[in-house]
Structures are given as structure tokens and as C-alpha cells.
Amino acid sequence: MDNKKVKRSEDYSAWYNNLVKSADLAEHSAVKGCMVIKPYGYAIWEKMQAELDKRFKETGHQNAYFPLFIPKSFFSKEASHVDGFAKECAVVTHYRLKTAENGEIVVDETAKLEEELIVRPTSETIIWNTYRDWIKSHRDLPILVNQWANVVRWEMRTRLFLRTTEFLWQEGHTAHATSEEAIAETKQMLEVYADFAENILAVPVVKGIKTANERFAGAIETYCIEGLMQDGKALQMGTSHFLGQNFAKAFDVKYATKDNKQEYVWATSWGVSTRLMGALIMSHSDDEGLILPPNLAPIQVVIVPIISKKEEEKELVLNKAKEIQSALRKKGISVKLDDRDNTTPGYKFAEYELKGVPVRIAIGPRDVANESVEVARRDTKEKQVMSSIDIDHKIEHLLSQIQTNIYQKALDYRDQHINAVNTWDEFIDALENKTGFVSAHWDGTSETELKIKELTKATIRCVPLSNPQENGICVLTGAPSKERVLFAKAY
RNA sequence: CGGGGUGUAGCGUAGCCCGGUAUCGCGCCACAUUUGGGAUGUGGAGGUCGUAGGUUCGAAUCCUGCCACCCCGACCA
């Protein structure tokens with residue numbers, strides 16, 4: 001266990017890195033920019049996957065799997081798409097190694113690929129090339145497919161979970177007969193993401209639309225959910241793209257309409273990644289460690305028996321602990337009974353706080369005698385001794401309270417950190433001194449957006465959906481504006 | 001990729017300037033005593049000092065390349 005304590009308030013970045021490692025979520029690997037996700041971290045990711053996958057299935061999607069490799073030529077078919085990803089692609093050029101005369105293993109230059117293969121940074125191209133063969137008629141539509149996969153983007157600078165060279169994600173790719181249907185799909189998946197973020201991750205998000213600058217390469221419109229981290233920086237947590245007919249045209253995907261006309265198909269794609277792990281960590285955790293929302297915690301309740309040396313007393317305590325464990329399990333709660341006798345209770349308390357376990361139950365000889373337990377909640381650190389009668393109902397209720405409380409706390413923080421400003425001075429002041437989102441009028445041009453980014457490092461995170469329309473003037477240029485947009489410094 | 005910094009046992013570190021194969025704490029193993037907020041004692045194991053070269057009788061220490069990580073920029077989910 002890593003005992004180095006770094007406070008959030010002193011060095012947020014070091015605190016984050018330290019927490020990821022000390023809570024056993026992930027570590028750096030021998031490969032540059034790539035991480036090893038450790039079992040505890042992966043367990044959390046699996047819970048995320050399960051919740052998302054359930055929601056995808058409920059909205060009519062099916063999972064499939066497409067190749068890791070994409071022929072280079074596929075990329076050049078959609079112009080803006082290649083522009084967006086060209087600078088960060090890993091390329092496979094050979095398929096064989098050999099032993100050189102000096103005994104070293106080297107690339108066999110005679111085994112050069114005719115056409116290089118790109119390790120997918122995203123799968124639109126290979127998928128749309130495949131869809132061409134799947135789609136002939138309006139009766140083949142819609143196609144509602146999701147894939148769970150790894151992708152590679154050769155980023156300059158990486159951070160555990162937030163930006164790694166290889167990352168895990170899901171990417172949905174759908175094909176529709178009409179523009180309206182595709183747009184409805186795009187919006188539906190945005191809602192799915194928002195629901196997941198708020199109800200499972202307990203992270204409040206702003207739903208919005210990206211500006212042209214921030215739009216996905218190849219999309220007509222990019223919808224997103226944006227979260228606000230505890231250090232006041234924004235994090236893009238998921239995107240849902242309306243791709244129009246761009247990919248259908250690039251890959252010549254047409255279908256026969258009812259009256260036998262050939263039309264191009266309408267497309268969407270949408271994805272969230274292991275970056276959500278970063279969002280989860282940075283939204284809730286504190287100086288003692290991780291704080292996991294119960295809906296996502298691999299271990300929801302840990303029981304720490306206070307074991308004494310006296311055999312019969314120890315047995316009484318353990319039996320009671322097992323009894324409670326089994327009662328909670330019947331409620332579908334995941335419970336760990338930590339009966340290790342080589343560490344003290346205090347050590348275990350600290351360890352499970354570090355790992356973010358929502359509820360801790362301590363049971364000692366005193367409790368057995370009194371039919372009580374000590375229940376501690378991770379989010380507020382409150383402890384109380386309560387009767388062990390009906391404990392399963394009480395804990396079930398408490399878990400749900402904790403879920404709500406964690407969300408509410410994050411929501412309050414977020415809402416307190418949306419600063420509405422009207423002048424450039426206020427804009428600068430908010431960015432420098434208040435942190436968080438800055439809600440301001442903007443003249444709608446990319447030039448202004450880029451200028452602001454250059455001057456302040458803040459970008460437009462999104463134009464919030466259902467944004468109130470109001471007349472105002474752009475904070476930079478003074479040009480008229482119809483609505484506010486959200487600026488922030490972002491990860 | 002540019003600027004700055006770091007790399008010594010599982011983790012955190014001392015030693016480096018002024019060359020002589022390494023310090024301390026936590027953790028680990030054994031035993032004993034402990035166990036209601038990170039236990040104590042005794043004994044023990046664990047290091048090609050990031051890596052590859054070079055200088056030297058001798059390199060953790062000096063020089064060079066490379067790798068990784070951290071901070072600041074540019075790029076981005």
C-alpha cells in the first residue's frame with residue numbers, strides 16, 4: 001500500500017495520479033502511454049459496461065465486433081475524418097520478425113504489407129465499408145450496432161484513464177433511412193449517456209452541442225455530455241454524433257426506398273470510454289481516497305469484524321458477521337467480509353476508505369451482546385451504532401441515500417461553479433479566480449472561439465440543449481448573440 | 001514534439017556536487033503478544049542503483065545515447 005498522502009488542495013494532478021495507483025485502479029505499463037487496469041479498477045469498468053450495455057439493449061441495439069486493423073485507403077475516403085485522425089494513428093507496416101546476424105530480433109523487411117494497416121482510432125470507416133454489403137433495401141434499416149473495443153490514438157501527452165494511447169470504449173454505429181430518424185437516434189443515445197452518468201456514476205452533466213471547432217471529424221453535429229471536475233476543469237464524458245450522409249457517400253452505402261429509388265443512408269455514432277473512470281474519480285473522491293457511488297461499487301458493503309483473542313468470542317463475532325453478510329446478499333448487495341487476522345481494524349478502515357467502499361459495518365463482541373452494529377458511510381464519514389435487527393433493509397436504504405447524496409453534492413458543486421458573465425473583464429475574472437464553467441454570450445464564429453482559446457485556454461464546452469434564448473453581446477467582439485454558451489478549461 | 005524536472009528493494013527515500021558495489025521508514029516472511037481508527041517486540045528475506053555504452057584500477061556517483069514518468073506548452077475522448 002502506498003502511504004504517500006497528497007492533498008487535493010495542494011496538487012490536484014498529483015493527488016489524482018496517486019489515488020489511481022494507491023486505490024489499485026491502474027498503473028503505468030512498460031508501454032509508453034498505455035496503462036494496466038488492475039482488477040479493482042477493471043471491476044468498476046465492468047460495472048459501467050454492464051449498466052451501459054443493458055441500456056443499449058433496451059434501446060434496441062445489438063453488439064458486434066469489427067477488426068482492429070483498418071486498411072489505410074479507407075481513411076482517405078472521408079476527407080474531414082482523415083484530417084481529424086491522421087496525426088495520431090499507429091500504423092502496421094510489416095507482418096514478420098526475424099533474427100538478425102547479431103542475434104537481435106528485427107523487422108523482416110521482406111515482409112512488408114502491400115497496404116499499411118491502421119490500428120483503429122475509431123471504427124467508422126471499417127464499419128461503413130461493411131455496412132455497404134449489409135444494406136440494400138429500406139427493409140435492412142435501421143442497423144443498430146454497438147461494439148465494445150479497444151482503440152489507439154497516439155496522443156502526445158497521456159494521463160491514467162483520462163487520456164491513454166490505448167483505451168477501452170464502446171462505439172455505437174447506426175444506419176437509418178431518414179435524417180429525422182438518425183437525429184432522433186443521436187439524441188436518444190445522448191439521453192442514455194446522461195441517464196447513466198447521473199444515476200449510476202452520480203456525476204451531473206450538461207447536455208449540449210459542440211461548436212464546429214470541437215465537432216467530431218466527419219460529423220454534421222456532435223452532441224455531448226460535459227462534467228465538471230472538483231478542480232473546476234470540464235471533462236467531456238461522452239459524445240453522440242449525427243453523421244448525416246457523409247460516411248454513406250464516402251463508402252457508397254445506398255438503399256432502395258419503397259418506391260425503388262436509390263438513397264444514401266443516414267448515420268450516427270456514439271461512444272464513451274474508460275475516461276469515465278477518470279470522471280468518476282475526479283467528481284467524488286477526497287483526501288482519504290476514492291468515493292464510489294453504491295450503484296457502481298464492486299464492493300458495496302464491507303464487514304469488519306473486531307476479533308479478539310478469545311476463541312468463543314471470536315466465533316460469536318464471526319458468526320454474526322456471516323449472518324449479516326448473508327442477509328445483505330439476499331438483497332442483492334455485494335458484501336465483503338474481511339476476516340483477516342493479520343491486520344488491525346483501524347488499518348482495514350483506512351484501506352476501505354481508500355478504495356471507496358460506500359458502507360462499512362463493524363461488529364465486535366460488544367455489538368454481539370447488544371444486538372447492534374457500527375455503520376459508517378464513506379461519503380459523509382458519519383458513524384452510528386444501530387440495532388442489527390432488520391439490518392438488511394436499513395443498509396439497502398442507506399445505500400440508496402448515499403447514491404443520492406453523492407449525486408446531490410456533485411450537482412451543488414457544479415451549479416455553484418457555473419458563472420454567468422457579461423463582459424470580457426468578468427469573463428477573465430471568472431476563468432482565473434472562480435474556476436468552473438463560464439456562461440457567456442459568443443458571436444457564433446470559429447474565429448472568436450479560437451481567439452478566446454488562445455487568450456485564455458478556455459474552450460466552448462458546449463451550447464447547452466434547451467438553452468434559454470436571450471439577446472446579448474459577445475464577450476470578446478461585442479457582436480450580437482442569441483444565447484449563452486459554456487466555456488471552461490478542459491481536460 | 002519543445003522547455004523544465006525526476007528515476008536507488010513492492011512503496012516512499014538518503015547517498016551523487018567531492019567515484020571505493022548502498023541508508024532509513026513502511027510493506028513482506030517467521031514466532032510471540034495484540035486487535036472498537038493505519039499495533040508492538042525479536043529474528044529474517046529482498047537491490048545487476050531506469051537502461052545501453054563510455055571514462056576509470058574501481059561508477060549509484062563523472063560523460064553520452066535511449067526509455068519511462070511528472071510539471072508547463074501545442075494535440076486530443
# chains A, B, ... in the order shown; residues from 1 in each chain; ligands from 1
call {"tool": "interface_residues", "arguments": {"of": "chain A", "to": "chain B", "cutoff": "9 Å", "atoms": "only C-alpha atoms (C1' of nucleotides)", "output": "VMD selection string"}}
result
chain A and resid 1 to 4 14 28 30 to 32 87 to 88 153 155 to 157 162 to 163 236 to 239 271 to 275 306 to 309 341 to 351 362 to 364 366
call {"tool": "select_by_dssp", "arguments": {"residues": "stretch 242-408 of chain A", "states": "alpha helix (DSSP H)", "output": "PyMOL selection string"}}
result
chain A and resi 246-250+275-284+311-330+345-354+365-370+391-408
call {"tool": "atom_distance", "arguments": {"atom1": "atom C1' of B:C63", "atom2": "atom CA of A:Gly33"}}
result
29.7 Å
call {"tool": "atom_distance", "arguments": {"atom1": "atom CA of A:Thr110", "atom2": "atom CA of A:Pro67"}}
result
24.6 Å
call {"tool": "residues_around", "arguments": {"residues": "A:His393", "least_positions_apart": "6", "cutoff": "12 Å", "atoms": "only C-alpha atoms (C1' of nucleotides)", "output": "list in words"}}
result
Ile324, Ala327, Leu328, Arg329, Lys330, Lys331, Gly332, Ile333, Ser387, Leu399 and Ser400 of chain A
call {"tool": "atom_distance", "arguments": {"atom1": "atom CA of A:Val92", "atom2": "atom CA of A:Phe74"}}
result
14.4 Å
call {"tool": "closest_residue", "arguments": {"among": "B:G47, B:G4, B:G65, B:G58", "to": "B:A22", "atoms": "only C-alpha atoms (C1' of nucleotides)"}}
result
B:G47
call {"tool": "residues_around", "arguments": {"residues": "B:C49", "least_positions_apart": "6", "cutoff": "10 Å", "atoms": "only C-alpha atoms (C1' of nucleotides)", "output": "ChimeraX atom specification"}}
result
/B:7-8,21-22,60-61
call {"tool": "write_last_selection", "arguments": {"atoms": "N, CA, C and O atoms (P, O5', C5', C4', C3', O3' and C1' of nucleotides)", "output": "PDB file, in the first residue's frame"}}
result
ATOM      1  P     G B   7      16.005  11.197  -8.928  1.00  0.00           P
ATOM      2  O5'   G B   7      15.357   9.882  -9.535  1.00  0.00           O
ATOM      3  C5'   G B   7      14.205   9.298  -8.910  1.00  0.00           C
ATOM      4  C4'   G B   7      13.709   8.140  -9.746  1.00  0.00           C
ATOM      5  C3'   G B   7      14.648   6.932  -9.769  1.00  0.00           C
ATOM      6  O3'   G B   7      13.893   5.726  -9.730  1.00  0.00           O
ATOM      7  C1'   G B   7      14.235   7.674 -11.973  1.00  0.00           C
ATOM      8  P     U B   8      13.619   5.054  -8.336  1.00  0.00           P
ATOM      9  O5'   U B   8      15.066   4.602  -7.866  1.00  0.00           O
ATOM     10  C5'   U B   8      15.716   3.518  -8.502  1.00  0.00           C
ATOM     11  C4'   U B   8      16.790   2.982  -7.606  1.00  0.00           C
ATOM     12  C3'   U B   8      16.306   2.432  -6.281  1.00  0.00           C
ATOM     13  O3'   U B   8      15.820   1.104  -6.399  1.00  0.00           O
ATOM     14  C1'   U B   8      18.131   3.860  -5.891  1.00  0.00           C
ATOM     15  P     U B  21      32.458   0.432  -1.451  1.00  0.00           P
ATOM     16  O5'   U B  21      31.471  -0.137  -2.568  1.00  0.00           O
ATOM     17  C5'   U B  21      30.289   0.589  -2.916  1.00  0.00           C
ATOM     18  C4'   U B  21      29.272  -0.307  -3.568  1.00  0.00           C
ATOM     19  C3'   U B  21      28.795  -1.555  -2.787  1.00  0.00           C
ATOM     20  O3'   U B  21      27.894  -1.240  -1.756  1.00  0.00           O
ATOM     21  C1'   U B  21      29.050  -2.069  -5.097  1.00  0.00           C
ATOM     22  P     A B  22      27.413  -2.410  -0.781  1.00  0.00           P
ATOM     23  O5'   A B  22      26.464  -1.561   0.163  1.00  0.00           O
ATOM     24  C5'   A B  22      26.956  -0.358   0.749  1.00  0.00           C
ATOM     25  C4'   A B  22      25.863   0.674   0.778  1.00  0.00           C
ATOM     26  C3'   A B  22      24.535   0.152   1.323  1.00  0.00           C
ATOM     27  O3'   A B  22      24.524   0.269   2.731  1.00  0.00           O
ATOM     28  C1'   A B  22      24.181   1.342  -0.703  1.00  0.00           C
ATOM     29  P     A B  60      28.057   1.361  -9.265  1.00  0.00           P
ATOM     30  O5'   A B  60      26.674   2.115  -8.964  1.00  0.00           O
ATOM     31  C5'   A B  60      25.727   2.326 -10.012  1.00  0.00           C
ATOM     32  C4'   A B  60      24.898   3.550  -9.726  1.00  0.00           C
ATOM     33  C3'   A B  60      25.633   4.889  -9.909  1.00  0.00           C
ATOM     34  O3'   A B  60      25.568   5.332 -11.237  1.00  0.00           O
ATOM     35  C1'   A B  60      24.509   4.855  -7.824  1.00  0.00           C
ATOM     36  P     U B  61      26.712   6.148 -11.913  1.00  0.00           P
ATOM     37  O5'   U B  61      26.969   7.364 -10.917  1.00  0.00           O
ATOM     38  C5'   U B  61      26.031   8.429 -10.799  1.00  0.00           C
ATOM     39  C4'   U B  61      26.508   9.398  -9.737  1.00  0.00           C
ATOM     40  C3'   U B  61      27.775  10.160 -10.108  1.00  0.00           C
ATOM     41  O3'   U B  61      27.661  11.517  -9.723  1.00  0.00           O
ATOM     42  C1'   U B  61      28.124   8.952  -8.100  1.00  0.00           C
TER      43        U B  61
END
call {"tool": "residues_around", "arguments": {"residues": "A:Asp367", "least_positions_apart": "4", "cutoff": "9 Å", "atoms": "only C-alpha atoms (C1' of nucleotides)", "output": "list of chain:residue names"}}
result
A:Val317, A:Ala362, A:Ile363, A:Glu371, A:Ser372, A:Val373, A:Glu374, A:Val385, A:Ser387, A:Ser388
call {"tool": "select_by_dssp", "arguments": {"residues": "stretch 169-349 of chain A", "states": "strand (DSSP E or B)", "output": "PyMOL selection string"}}
result
chain A and resi 169-176+206-209+221-228+234-244+254-256+262-264+266-273+286+289+301-305+335-337
call {"tool": "residues_around", "arguments": {"residues": "A:Val20", "least_positions_apart": "4", "cutoff": "9 Å", "atoms": "only C-alpha atoms (C1' of nucleotides)", "output": "list of chain:residue names"}}
result
A:Trp15, A:Tyr16, A:Asp24, A:Leu25, A:Ala26, A:Glu27, A:Gly41, A:Leu160, A:Phe161, A:Gly278, A:Ile281, A:Leu290
call {"tool": "residues_around", "arguments": {"residues": "stretch 427-430 of chain A", "least_positions_apart": "6", "cutoff": "12 Å", "atoms": "only C-alpha atoms (C1' of nucleotides)", "output": "PyMOL selection string"}}
result
chain A and resi 232+417-421+436-442+452-453+455-458+474-476+486-489
call {"tool": "closest_residue", "arguments": {"among": "A:Gln325, A:Asn246, A:Thr178, A:Thr445", "to": "A:Ile395", "atoms": "only C-alpha atoms"}}
result
A:Gln325
call {"tool": "closest_residue", "arguments": {"among": "A:Ile291, A:Cys89, A:Ile70, A:Ala175", "to": "A:Val145", "atoms": "only C-alpha atoms"}}
result
A:Ala175
call {"tool": "decode", "arguments": {"residues": "stretch 41-55 of chain B", "atoms": "N, CA and C atoms (P, O5', C5', C4', C3', O3' and C1' of nucleotides)", "output": "PDB file, in the first residue's frame"}}
result
ATOM      1  P     G B  41       8.641  -1.926  18.367  1.00  0.00           P
ATOM      2  O5'   G B  41       9.136  -3.302  18.975  1.00  0.00           O
ATOM      3  C5'   G B  41       9.438  -3.412  20.358  1.00  0.00           C
ATOM      4  C4'   G B  41       9.670  -4.849  20.718  1.00  0.00           C
ATOM      5  C3'   G B  41      10.724  -5.567  19.875  1.00  0.00           C
ATOM      6  O3'   G B  41      12.032  -5.270  20.310  1.00  0.00           O
ATOM      7  C1'   G B  41       8.810  -6.948  20.098  1.00  0.00           C
ATOM      8  P     U B  42      13.231  -5.195  19.225  1.00  0.00           P
ATOM      9  O5'   U B  42      13.532  -6.733  18.955  1.00  0.00           O
ATOM     10  C5'   U B  42      13.991  -7.563  20.019  1.00  0.00           C
ATOM     11  C4'   U B  42      13.964  -9.003  19.591  1.00  0.00           C
ATOM     12  C3'   U B  42      14.636  -9.305  18.255  1.00  0.00           C
ATOM     13  O3'   U B  42      16.047  -9.379  18.350  1.00  0.00           O
ATOM     14  C1'   U B  42      12.547 -10.398  18.337  1.00  0.00           C
ATOM     15  P     G B  43      16.929  -8.880  17.086  1.00  0.00           P
ATOM     16  O5'   G B  43      16.723 -10.059  16.038  1.00  0.00           O
ATOM     17  C5'   G B  43      17.243 -11.353  16.324  1.00  0.00           C
ATOM     18  C4'   G B  43      16.662 -12.360  15.361  1.00  0.00           C
ATOM     19  C3'   G B  43      16.943 -12.109  13.882  1.00  0.00           C
ATOM     20  O3'   G B  43      18.243 -12.489  13.484  1.00  0.00           O
ATOM     21  C1'   G B  43      14.670 -12.698  14.169  1.00  0.00           C
ATOM     22  P     G B  44      18.922 -11.734  12.245  1.00  0.00           P
ATOM     23  O5'   G B  44      17.921 -12.081  11.051  1.00  0.00           O
ATOM     24  C5'   G B  44      18.154 -13.221  10.265  1.00  0.00           C
ATOM     25  C4'   G B  44      17.024 -13.487   9.313  1.00  0.00           C
ATOM     26  C3'   G B  44      17.122 -12.810   7.952  1.00  0.00           C
ATOM     27  O3'   G B  44      18.057 -13.463   7.115  1.00  0.00           O
ATOM     28  C1'   G B  44      14.885 -12.731   8.723  1.00  0.00           C
ATOM     29  P     A B  45      18.843 -12.634   5.997  1.00  0.00           P
ATOM     30  O5'   A B  45      17.798 -12.657   4.806  1.00  0.00           O
ATOM     31  C5'   A B  45      17.382 -13.901   4.246  1.00  0.00           C
ATOM     32  C4'   A B  45      16.215 -13.668   3.316  1.00  0.00           C
ATOM     33  C3'   A B  45      16.481 -12.675   2.196  1.00  0.00           C
ATOM     34  O3'   A B  45      17.132 -13.290   1.101  1.00  0.00           O
ATOM     35  C1'   A B  45      14.410 -12.174   3.215  1.00  0.00           C
ATOM     36  P     G B  46      18.189 -12.451   0.242  1.00  0.00           P
ATOM     37  O5'   G B  46      17.273 -11.371  -0.469  1.00  0.00           O
ATOM     38  C5'   G B  46      16.328 -11.777  -1.474  1.00  0.00           C
ATOM     39  C4'   G B  46      15.399 -10.625  -1.781  1.00  0.00           C
ATOM     40  C3'   G B  46      16.077  -9.398  -2.391  1.00  0.00           C
ATOM     41  O3'   G B  46      16.193  -9.547  -3.790  1.00  0.00           O
ATOM     42  C1'   G B  46      14.599  -8.745  -0.649  1.00  0.00           C
ATOM     43  P     G B  47      17.600  -9.420  -4.513  1.00  0.00           P
ATOM     44  O5'   G B  47      17.767  -7.849  -4.644  1.00  0.00           O
ATOM     45  C5'   G B  47      16.790  -7.043  -5.327  1.00  0.00           C
ATOM     46  C4'   G B  47      17.396  -5.716  -5.638  1.00  0.00           C
ATOM     47  C3'   G B  47      18.676  -5.757  -6.461  1.00  0.00           C
ATOM     48  O3'   G B  47      18.360  -5.592  -7.825  1.00  0.00           O
ATOM     49  C1'   G B  47      18.757  -4.124  -4.710  1.00  0.00           C
ATOM     50  P     U B  48      18.904  -6.674  -8.903  1.00  0.00           P
ATOM     51  O5'   U B  48      20.141  -5.916  -9.571  1.00  0.00           O
ATOM     52  C5'   U B  48      21.318  -5.657  -8.841  1.00  0.00           C
ATOM     53  C4'   U B  48      22.468  -5.523  -9.789  1.00  0.00           C
ATOM     54  C3'   U B  48      22.474  -4.241 -10.617  1.00  0.00           C
ATOM     55  O3'   U B  48      22.975  -3.156  -9.864  1.00  0.00           O
ATOM     56  C1'   U B  48      22.963  -6.093 -11.999  1.00  0.00           C
ATOM     57  P     C B  49      23.033  -1.732 -10.352  1.00  0.00           P
ATOM     58  O5'   C B  49      21.653  -1.181  -9.754  1.00  0.00           O
ATOM     59  C5'   C B  49      20.726  -0.477 -10.569  1.00  0.00           C
ATOM     60  C4'   C B  49      20.130   0.655  -9.772  1.00  0.00           C
ATOM     61  C3'   C B  49      20.441   2.036 -10.336  1.00  0.00           C
ATOM     62  O3'   C B  49      19.259   2.816 -10.280  1.00  0.00           O
ATOM     63  C1'   C B  49      21.120   1.918  -8.077  1.00  0.00           C
ATOM     64  P     G B  50      19.014   3.942 -11.408  1.00  0.00           P
ATOM     65  O5'   G B  50      17.832   3.447 -12.354  1.00  0.00           O
ATOM     66  C5'   G B  50      16.987   2.362 -11.986  1.00  0.00           C
ATOM     67  C4'   G B  50      16.232   1.925 -13.216  1.00  0.00           C
ATOM     68  C3'   G B  50      17.116   1.384 -14.339  1.00  0.00           C
ATOM     69  O3'   G B  50      17.333   0.003 -14.194  1.00  0.00           O
ATOM     70  C1'   G B  50      15.671   3.055 -15.191  1.00  0.00           C
ATOM     71  P     U B  51      18.762  -0.650 -14.535  1.00  0.00           P
ATOM     72  O5'   U B  51      18.821  -0.555 -16.115  1.00  0.00           O
ATOM     73  C5'   U B  51      17.909  -1.273 -16.943  1.00  0.00           C
ATOM     74  C4'   U B  51      18.100  -0.853 -18.375  1.00  0.00           C
ATOM     75  C3'   U B  51      19.535  -0.924 -18.874  1.00  0.00           C
ATOM     76  O3'   U B  51      19.889  -2.224 -19.294  1.00  0.00           O
ATOM     77  C1'   U B  51      18.602   1.159 -19.469  1.00  0.00           C
ATOM     78  P     A B  52      21.409  -2.726 -19.195  1.00  0.00           P
ATOM     79  O5'   A B  52      22.049  -2.047 -20.481  1.00  0.00           O
ATOM     80  C5'   A B  52      21.573  -2.392 -21.772  1.00  0.00           C
ATOM     81  C4'   A B  52      22.250  -1.529 -22.807  1.00  0.00           C
ATOM     82  C3'   A B  52      23.763  -1.400 -22.653  1.00  0.00           C
ATOM     83  O3'   A B  52      24.446  -2.512 -23.179  1.00  0.00           O
ATOM     84  C1'   A B  52      22.829   0.722 -23.029  1.00  0.00           C
ATOM     85  P     G B  53      25.976  -2.757 -22.778  1.00  0.00           P
ATOM     86  O5'   G B  53      26.707  -1.740 -23.759  1.00  0.00           O
ATOM     87  C5'   G B  53      27.886  -1.117 -23.349  1.00  0.00           C
ATOM     88  C4'   G B  53      28.097   0.129 -24.175  1.00  0.00           C
ATOM     89  C3'   G B  53      29.335   0.902 -23.781  1.00  0.00           C
ATOM     90  O3'   G B  53      30.488   0.385 -24.409  1.00  0.00           O
ATOM     91  C1'   G B  53      27.502   2.371 -23.800  1.00  0.00           C
ATOM     92  P     G B  54      31.776   0.141 -23.502  1.00  0.00           P
ATOM     93  O5'   G B  54      32.260   1.640 -23.276  1.00  0.00           O
ATOM     94  C5'   G B  54      32.549   2.461 -24.408  1.00  0.00           C
ATOM     95  C4'   G B  54      32.771   3.886 -23.972  1.00  0.00           C
ATOM     96  C3'   G B  54      33.853   4.100 -22.930  1.00  0.00           C
ATOM     97  O3'   G B  54      35.151   4.079 -23.488  1.00  0.00           O
ATOM     98  C1'   G B  54      31.946   5.368 -22.367  1.00  0.00           C
ATOM     99  P     U B  55      36.381   3.554 -22.618  1.00  0.00           P
ATOM    100  O5'   U B  55      36.569   4.746 -21.565  1.00  0.00           O
ATOM    101  C5'   U B  55      36.984   6.030 -21.999  1.00  0.00           C
ATOM    102  C4'   U B  55      37.079   6.969 -20.822  1.00  0.00           C
ATOM    103  C3'   U B  55      37.908   6.449 -19.650  1.00  0.00           C
ATOM    104  O3'   U B  55      39.301   6.642 -19.860  1.00  0.00           O
ATOM    105  C1'   U B  55      35.877   7.341 -18.847  1.00  0.00           C
TER     106        U B  55
END
